[in-house]
$ cat input31.pdb   # PDB, C-alpha atoms
ATOM      1  CA  MET A   1      -6.788  -4.566  -8.931
ATOM      2  CA  TRP A   2      -3.454  -2.929  -8.242
ATOM      3  CA  GLU A   3      -0.425  -5.162  -8.308
ATOM      4  CA  SER A   4       3.151  -5.030  -7.140
ATOM      5  CA  GLU A   5       5.382  -7.182  -9.302
ATOM      6  CA  GLU A   6       7.657  -7.876  -6.346
ATOM      7  CA  PHE A   7       4.965  -9.013  -3.900
ATOM      8  CA  GLY A   8       2.342 -10.528  -6.221
ATOM      9  CA  ALA A   9      -0.787 -11.925  -4.568
ATOM     10  CA  GLU A  10       0.582 -11.143  -1.082
ATOM     11  CA  HIS A  11      -0.143  -7.456  -1.648
ATOM     12  CA  GLU A  12      -2.838  -7.029  -4.301
ATOM     13  CA  GLY A  13      -4.574  -3.708  -3.830
ATOM     14  CA  ARG A  14      -8.096  -2.579  -4.650
ATOM     15  CA  PRO A  15     -10.570   0.110  -3.716
ATOM     16  CA  GLY A  16     -12.327  -1.057  -0.575
ATOM     17  CA  VAL A  17     -15.722   0.198   0.586
ATOM     18  CA  LEU A  18     -17.261   1.378   3.815
ATOM     19  CA  LEU A  19     -20.919   1.613   4.736
ATOM     20  CA  ALA A  20     -22.479   4.674   6.387
ATOM     21  CA  ASP A  21     -21.850   3.178   9.847
ATOM     22  CA  GLY A  22     -18.106   2.835   9.068
ATOM     23  CA  THR A  23     -18.108  -0.947   8.706
ATOM     24  CA  GLU A  24     -16.652  -2.930   5.835
ATOM     25  CA  PRO A  25     -19.254  -5.227   4.290
ATOM     26  CA  GLY A  26     -18.598  -8.840   3.409
ATOM     27  CA  PRO A  27     -18.829 -10.197  -0.141
ATOM     28  CA  VAL A  28     -22.041  -9.906  -2.112
ATOM     29  CA  TYR A  29     -23.409 -13.256  -3.340
ATOM     30  CA  PHE A  30     -25.270 -13.760  -6.591
ATOM     31  CA  ASP A  31     -27.595 -16.698  -7.105
ATOM     32  CA  THR A  32     -27.208 -17.691 -10.735
ATOM     33  CA  GLY A  33     -29.907 -20.307 -10.331
ATOM     34  CA  SER A  34     -27.909 -23.350 -11.365
ATOM     35  CA  GLY A  35     -25.573 -25.502  -9.360
ATOM     36  CA  PRO A  36     -24.615 -25.568  -5.706
ATOM     37  CA  THR A  37     -22.121 -22.696  -5.851
ATOM     38  CA  MET A  38     -22.893 -19.013  -5.780
ATOM     39  CA  HIS A  39     -20.825 -16.282  -7.391
ATOM     40  CA  GLN A  40     -19.455 -13.706  -4.975
ATOM     41  CA  SER A  41     -17.830 -10.327  -5.445
ATOM     42  CA  THR A  42     -16.107  -7.652  -3.408
ATOM     43  CA  ASP A  43     -15.695  -5.219  -6.317
ATOM     44  CA  TRP A  44     -16.487  -1.769  -4.938
ATOM     45  CA  TRP A  45     -19.160  -1.003  -7.546
ATOM     46  CA  ILE A  46     -21.270  -3.969  -6.411
ATOM     47  CA  TYR A  47     -22.120  -2.118  -3.191
ATOM     48  CA  ASP A  48     -24.581   0.266  -4.881
ATOM     49  CA  GLY A  49     -27.637  -0.608  -2.808
ATOM     50  CA  THR A  50     -29.382  -2.530  -5.595
ATOM     51  CA  LEU A  51     -30.333  -6.195  -5.797
ATOM     52  CA  GLY A  52     -29.893  -6.665  -2.057
ATOM     53  CA  ALA A  53     -26.345  -5.289  -1.933
ATOM     54  CA  PRO A  54     -25.508  -2.836   0.862
ATOM     55  CA  LEU A  55     -24.933   0.817  -0.075
ATOM     56  CA  ALA A  56     -21.331   1.959   0.234
ATOM     57  CA  THR A  57     -20.700   5.584   1.135
ATOM     58  CA  HIS A  58     -16.913   5.751   1.065
ATOM     59  CA  LEU A  59     -13.906   4.200  -0.657
ATOM     60  CA  ARG A  60     -10.532   3.495   0.889
ATOM     61  CA  GLY A  61      -7.400   1.620  -0.104
ATOM     62  CA  ALA A  62      -7.399  -2.093   0.685
ATOM     63  CA  CYS A  63      -4.776  -4.813   0.358
ATOM     64  CA  SER A  64      -4.995  -8.596   0.263
ATOM     65  CA  CYS A  65      -2.638  -8.701   3.279
ATOM     66  CA  GLY A  66      -5.403  -7.192   5.424
ATOM     67  CA  TRP A  67      -4.161  -3.587   5.416
ATOM     68  CA  ARG A  68      -6.870  -0.935   5.138
ATOM     69  CA  GLY A  69      -6.282   2.744   4.435
ATOM     70  CA  THR A  70      -7.217   5.245   7.110
ATOM     71  CA  ARG A  71      -8.331   7.927   4.661
ATOM     72  CA  HIS A  72     -11.923   7.695   3.465
ATOM     73  CA  TYR A  73     -13.051   9.059   0.106
ATOM     74  CA  LEU A  74     -16.677  10.027  -0.345
ATOM     75  CA  LEU A  75     -18.392   7.827  -2.936
ATOM     76  CA  ASP A  76     -20.792   9.878  -5.048
ATOM     77  CA  TRP A  77     -22.946   7.342  -6.900
ATOM     78  CA  GLU A  78     -24.296  10.146  -9.151
ATOM     79  CA  THR A  79     -20.884  10.351 -10.845
ATOM     80  CA  VAL A  80     -20.466   6.584 -11.311
ATOM     81  CA  ASP A  81     -21.277   5.314 -14.799
ATOM     82  CA  ARG A  82     -23.143   2.086 -13.988
ATOM     83  CA  ARG A  83     -22.119   0.570 -17.341
ATOM     84  CA  CYS A  84     -18.410   1.328 -16.810
ATOM     85  CA  PRO A  85     -17.898   1.788 -13.054
ATOM     86  CA  TYR A  86     -14.234   0.832 -13.325
ATOM     87  CA  LEU A  87     -13.640   4.162 -15.105
ATOM     88  CA  THR A  88     -14.457   6.031 -11.874
ATOM     89  CA  ASP A  89     -11.514   7.920 -10.367
ATOM     90  CA  THR A  90     -10.053   5.803  -7.554
ATOM     91  CA  THR A  91      -6.635   7.482  -7.478
ATOM     92  CA  GLY A  92      -6.977   8.464  -3.804
ATOM     93  CA  PRO A  93      -7.298   4.883  -2.517
ATOM     94  CA  GLU A  94      -4.649   3.739  -5.015
ATOM     95  CA  HIS A  95      -2.217   6.393  -3.778
ATOM     96  CA  ASP A  96      -2.793   5.203  -0.202
ATOM     97  CA  TRP A  97      -2.140   1.596  -1.279
ATOM     98  CA  ASN A  98       1.082   2.700  -3.038
ATOM     99  CA  THR A  99       2.170   4.317   0.246
ATOM    100  CA  HIS A 100       1.424   0.998   1.979
ATOM    101  CA  ILE A 101       3.588  -0.852  -0.572
ATOM    102  CA  THR A 102       6.415   1.650  -0.026
ATOM    103  CA  ASP A 103       6.137   0.958   3.716
ATOM    104  CA  VAL A 104       6.227  -2.821   3.116
ATOM    105  CA  GLN A 105       9.319  -2.406   0.907
ATOM    106  CA  SER A 106      11.052  -0.281   3.548
ATOM    107  CA  ARG A 107      10.761  -3.163   6.049
ATOM    108  CA  THR A 108      12.125  -5.845   3.696
ATOM    109  CA  ALA A 109      15.696  -7.105   3.727
ATOM    110  CA  PRO A 110      17.757  -4.747   1.553
ATOM    111  CA  VAL A 111      19.425  -6.224  -1.511
ATOM    112  CA  PRO A 112      22.908  -4.748  -2.094
ATOM    113  CA  ALA A 113      22.924  -2.025  -4.766
ATOM    114  CA  GLU A 114      25.714  -3.766  -6.712
ATOM    115  CA  LEU A 115      23.627  -6.930  -6.990
ATOM    116  CA  LEU A 116      20.551  -4.954  -8.090
ATOM    117  CA  ALA A 117      22.660  -3.314 -10.811
ATOM    118  CA  LEU A 118      23.914  -6.723 -11.981
ATOM    119  CA  LEU A 119      20.369  -8.113 -12.043
ATOM    120  CA  ASP A 120      19.232  -5.109 -14.074
ATOM    121  CA  GLN A 121      22.059  -5.710 -16.570
ATOM    122  CA  ALA A 122      21.231  -9.416 -16.758
ATOM    123  CA  GLU A 123      17.573  -8.584 -17.459
ATOM    124  CA  LYS A 124      18.545  -6.256 -20.329
ATOM    125  CA  HIS A 125      20.919  -8.814 -21.830
ATOM    126  CA  LEU A 126      18.415 -11.671 -21.511
ATOM    127  CA  THR A 127      15.620  -9.590 -23.041
ATOM    128  CA  ASN A 128      17.799  -8.805 -26.069
ATOM    129  CA  LEU A 129      19.055 -12.380 -26.269
ATOM    130  CA  ALA A 130      15.483 -13.742 -26.258
ATOM    131  CA  THR A 131      14.906 -11.841 -29.513
ATOM    132  CA  GLU A 132      18.323 -12.258 -31.136
ATOM    133  CA  ASN A 133      19.153 -15.828 -30.097
ATOM    134  CA  PRO A 134      16.269 -17.545 -28.267
ATOM    135  CA  LEU A 135      18.137 -20.831 -27.793
ATOM    136  CA  ALA A 136      21.059 -19.093 -26.098
ATOM    137  CA  ALA A 137      18.553 -17.203 -23.928
ATOM    138  CA  LEU A 138      16.987 -20.495 -22.830
ATOM    139  CA  ARG A 139      20.414 -21.898 -21.897
ATOM    140  CA  ALA A 140      21.120 -18.771 -19.858
ATOM    141  CA  VAL A 141      17.740 -19.079 -18.133
ATOM    142  CA  ALA A 142      18.491 -22.707 -17.244
ATOM    143  CA  ALA A 143      21.801 -21.635 -15.703
ATOM    144  CA  LEU A 144      20.006 -18.937 -13.693
ATOM    145  CA  GLU A 145      17.416 -21.446 -12.513
ATOM    146  CA  ARG A 146      20.177 -23.755 -11.248
ATOM    147  CA  LEU A 147      21.923 -20.851  -9.522
ATOM    148  CA  THR A 148      18.769 -19.537  -7.849
ATOM    149  CA  ARG A 149      17.713 -23.027  -6.729
ATOM    150  CA  GLN A 150      21.123 -23.633  -5.110
ATOM    151  CA  THR A 151      21.265 -20.182  -3.524
ATOM    152  CA  ALA A 152      17.700 -20.407  -2.184
ATOM    153  CA  SER A 153      18.396 -23.809  -0.656
ATOM    154  CA  GLU A 154      21.580 -22.592   1.037
ATOM    155  CA  ALA A 155      19.906 -19.413   2.348
ATOM    156  CA  ALA A 156      16.946 -21.404   3.738
ATOM    157  CA  PHE A 157      19.349 -23.827   5.424
ATOM    158  CA  ASN A 158      21.301 -20.926   6.976
ATOM    159  CA  LEU A 159      18.094 -19.464   8.456
ATOM    160  CA  ASP A 160      16.964 -22.788   9.957
ATOM    161  CA  THR A 161      19.017 -22.610  13.149
ATOM    162  CA  PRO A 162      17.976 -22.542  16.834
ATOM    163  CA  ASP A 163      18.947 -18.872  17.123
ATOM    164  CA  GLY A 164      17.623 -17.966  13.671
ATOM    165  CA  PRO A 165      15.056 -15.231  13.099
ATOM    166  CA  SER A 166      11.383 -15.725  13.956
ATOM    167  CA  TRP A 167       8.860 -16.466  11.211
ATOM    168  CA  ASP A 168       7.407 -13.013  11.717
ATOM    169  CA  THR A 169      10.828 -11.455  11.082
ATOM    170  CA  ILE A 170      11.395 -13.650   8.018
ATOM    171  CA  GLY A 171       7.961 -12.775   6.618
ATOM    172  CA  GLN A 172       8.576  -9.062   7.119
ATOM    173  CA  ALA A 173      12.035  -9.286   5.526
ATOM    174  CA  LEU A 174      10.501 -10.963   2.467
ATOM    175  CA  GLY A 175       7.419  -8.724   2.384
ATOM    176  CA  THR A 176       5.089 -11.679   2.924
ATOM    177  CA  SER A 177       2.950 -13.247   5.615
ATOM    178  CA  GLU A 178       4.473 -15.759   8.028
ATOM    179  CA  GLU A 179       2.533 -18.546   6.290
ATOM    180  CA  THR A 180       3.903 -17.632   2.860
ATOM    181  CA  ALA A 181       7.421 -17.284   4.279
ATOM    182  CA  ARG A 182       7.201 -20.792   5.801
ATOM    183  CA  SER A 183       5.920 -22.221   2.533
ATOM    184  CA  ARG A 184       8.593 -20.480   0.487
ATOM    185  CA  LEU A 185      11.458 -21.539   2.745
ATOM    186  CA  THR A 186      10.202 -25.117   2.851
ATOM    187  CA  ARG A 187      10.079 -25.145  -0.956
ATOM    188  CA  TYR A 188      13.596 -23.668  -1.108
ATOM    189  CA  ALA A 189      14.961 -26.152   1.435
ATOM    190  CA  LEU A 190      13.500 -29.040  -0.528
ATOM    191  CA  GLY A 191      14.992 -27.683  -3.765
ATOM    192  CA  ARG A 192      11.676 -27.383  -5.618
TER     193      ARG A 192
END

$ encode --input "input31.pdb" --output "structure tokens"
Amino acid sequence: MWESEEFGAEHEGRPGVLLADGTEPGPVYFDTGSGPTMHQSTDWWIYDGTLGAPLATHLRGACSCGWRGTRHYLLDWETVDRRCPYLTDTTGPEHDWNTHITDVQSRTAPVPAELLALLDQAEKHLTNLATENPLAALRAVAALERLTRQTASEAAFNLDTPDGPSWDTIGQALGTSEETARSRLTRYALGR
């Protein structure tokens, strides 16, 4: 799994698979023989044609947001170590996913450079303070929590106007889906 610290679960990347006919298979289910639930997996190495799983022929970048890379990378099962498949080179799909993340970032609302510099300084100071004086660091964190809660509430209130941006625009500006944007703004407006 590839992760972007900024976008979290909204944009988790992974190598996706394609079958010979160009389709993306659904999850593979495993009957463990006990209980009503069945384990499922979409890990690329599961699609090796054994134990009823379909045989993947290509890899491509995939993201939890639904994005799929357009470049396909031939999957040579002869080079995959079945005991350690995760050691297989998947840099092509990962590079494509990184390009996707760069595209997502380019469409988000820009944060002023001066504020980014201040946040970077605050992070350095807080990291040092956590080691040198943990109690002072916790007080500083509490102050930041109050500040971010108040700012988030005010920003959410300022967006909730009749002529405010659409949920699609808000989601894009935050680098999230519309659903996540709605949830986040509701949480901010309620001060949680």

$ residues_around --input "input31.pdb" --residues "region 67-83 of chain A" --least-positions-apart "5" --cutoff "6 Å" --atoms "all atoms listed in the file" --output "PyMOL selection string"
chain A and resi 57-62

$ closest_residue --input "input31.pdb" --among "A:Thr102, A:Thr186, A:Ser41, A:Thr131" --to "Ala155 (chain A)" --atoms "only C-alpha atoms"
A:Thr186

$ residues_around --input "input31.pdb" --residues "region 114-127 of chain A" --least-positions-apart "6" --cutoff "10 Å" --atoms "all atoms listed in the file" --output "tab-separated table (two decimals) with C-alpha atoms, keeping the file's coordinate frame"
chain	number	residue	atom	x	y	z
A	133	ASN	CA	19.15	-15.83	-30.10
A	134	PRO	CA	16.27	-17.55	-28.27
A	136	ALA	CA	21.06	-19.09	-26.10
A	137	ALA	CA	18.55	-17.20	-23.93
A	138	LEU	CA	16.99	-20.50	-22.83
A	140	ALA	CA	21.12	-18.77	-19.86
A	141	VAL	CA	17.74	-19.08	-18.13

$ resolve_selection --input "input31.pdb" --expression "the PyMOL selection byres ((chain A and resi 107) around 8)" --output "ChimeraX atom specification"
/A:103-106,108-109,172-173,175

$ write_last_selection --input "input31.pdb" --atoms "C-alpha atoms" --output "PDB file, in the coordinates of the input"
ATOM      1  CA  ASP A 103       6.137   0.958   3.716  1.00  0.00           C
ATOM      2  CA  VAL A 104       6.227  -2.821   3.116  1.00  0.00           C
ATOM      3  CA  GLN A 105       9.319  -2.406   0.907  1.00  0.00           C
ATOM      4  CA  SER A 106      11.052  -0.281   3.548  1.00  0.00           C
ATOM      5  CA  THR A 108      12.125  -5.845   3.696  1.00  0.00           C
ATOM      6  CA  ALA A 109      15.696  -7.105   3.727  1.00  0.00           C
ATOM      7  CA  GLN A 172       8.576  -9.062   7.119  1.00  0.00           C
ATOM      8  CA  ALA A 173      12.035  -9.286   5.526  1.00  0.00           C
ATOM      9  CA  GLY A 175       7.419  -8.724   2.384  1.00  0.00           C
TER      10      GLY A 175
END

$ residues_around --input "input31.pdb" --residues "region 20-31 of chain A" --least-positions-apart "2" --cutoff "7 Å" --atoms "all atoms listed in the file" --output "VMD selection string"
chain A and resid 17 to 18 33 38 to 42 53 56 to 57

$ atom_distance --input "input31.pdb" --atom1 "CA of Glu94 (chain A)" --atom2 "CA of Pro110 (chain A)"
24.8 Å
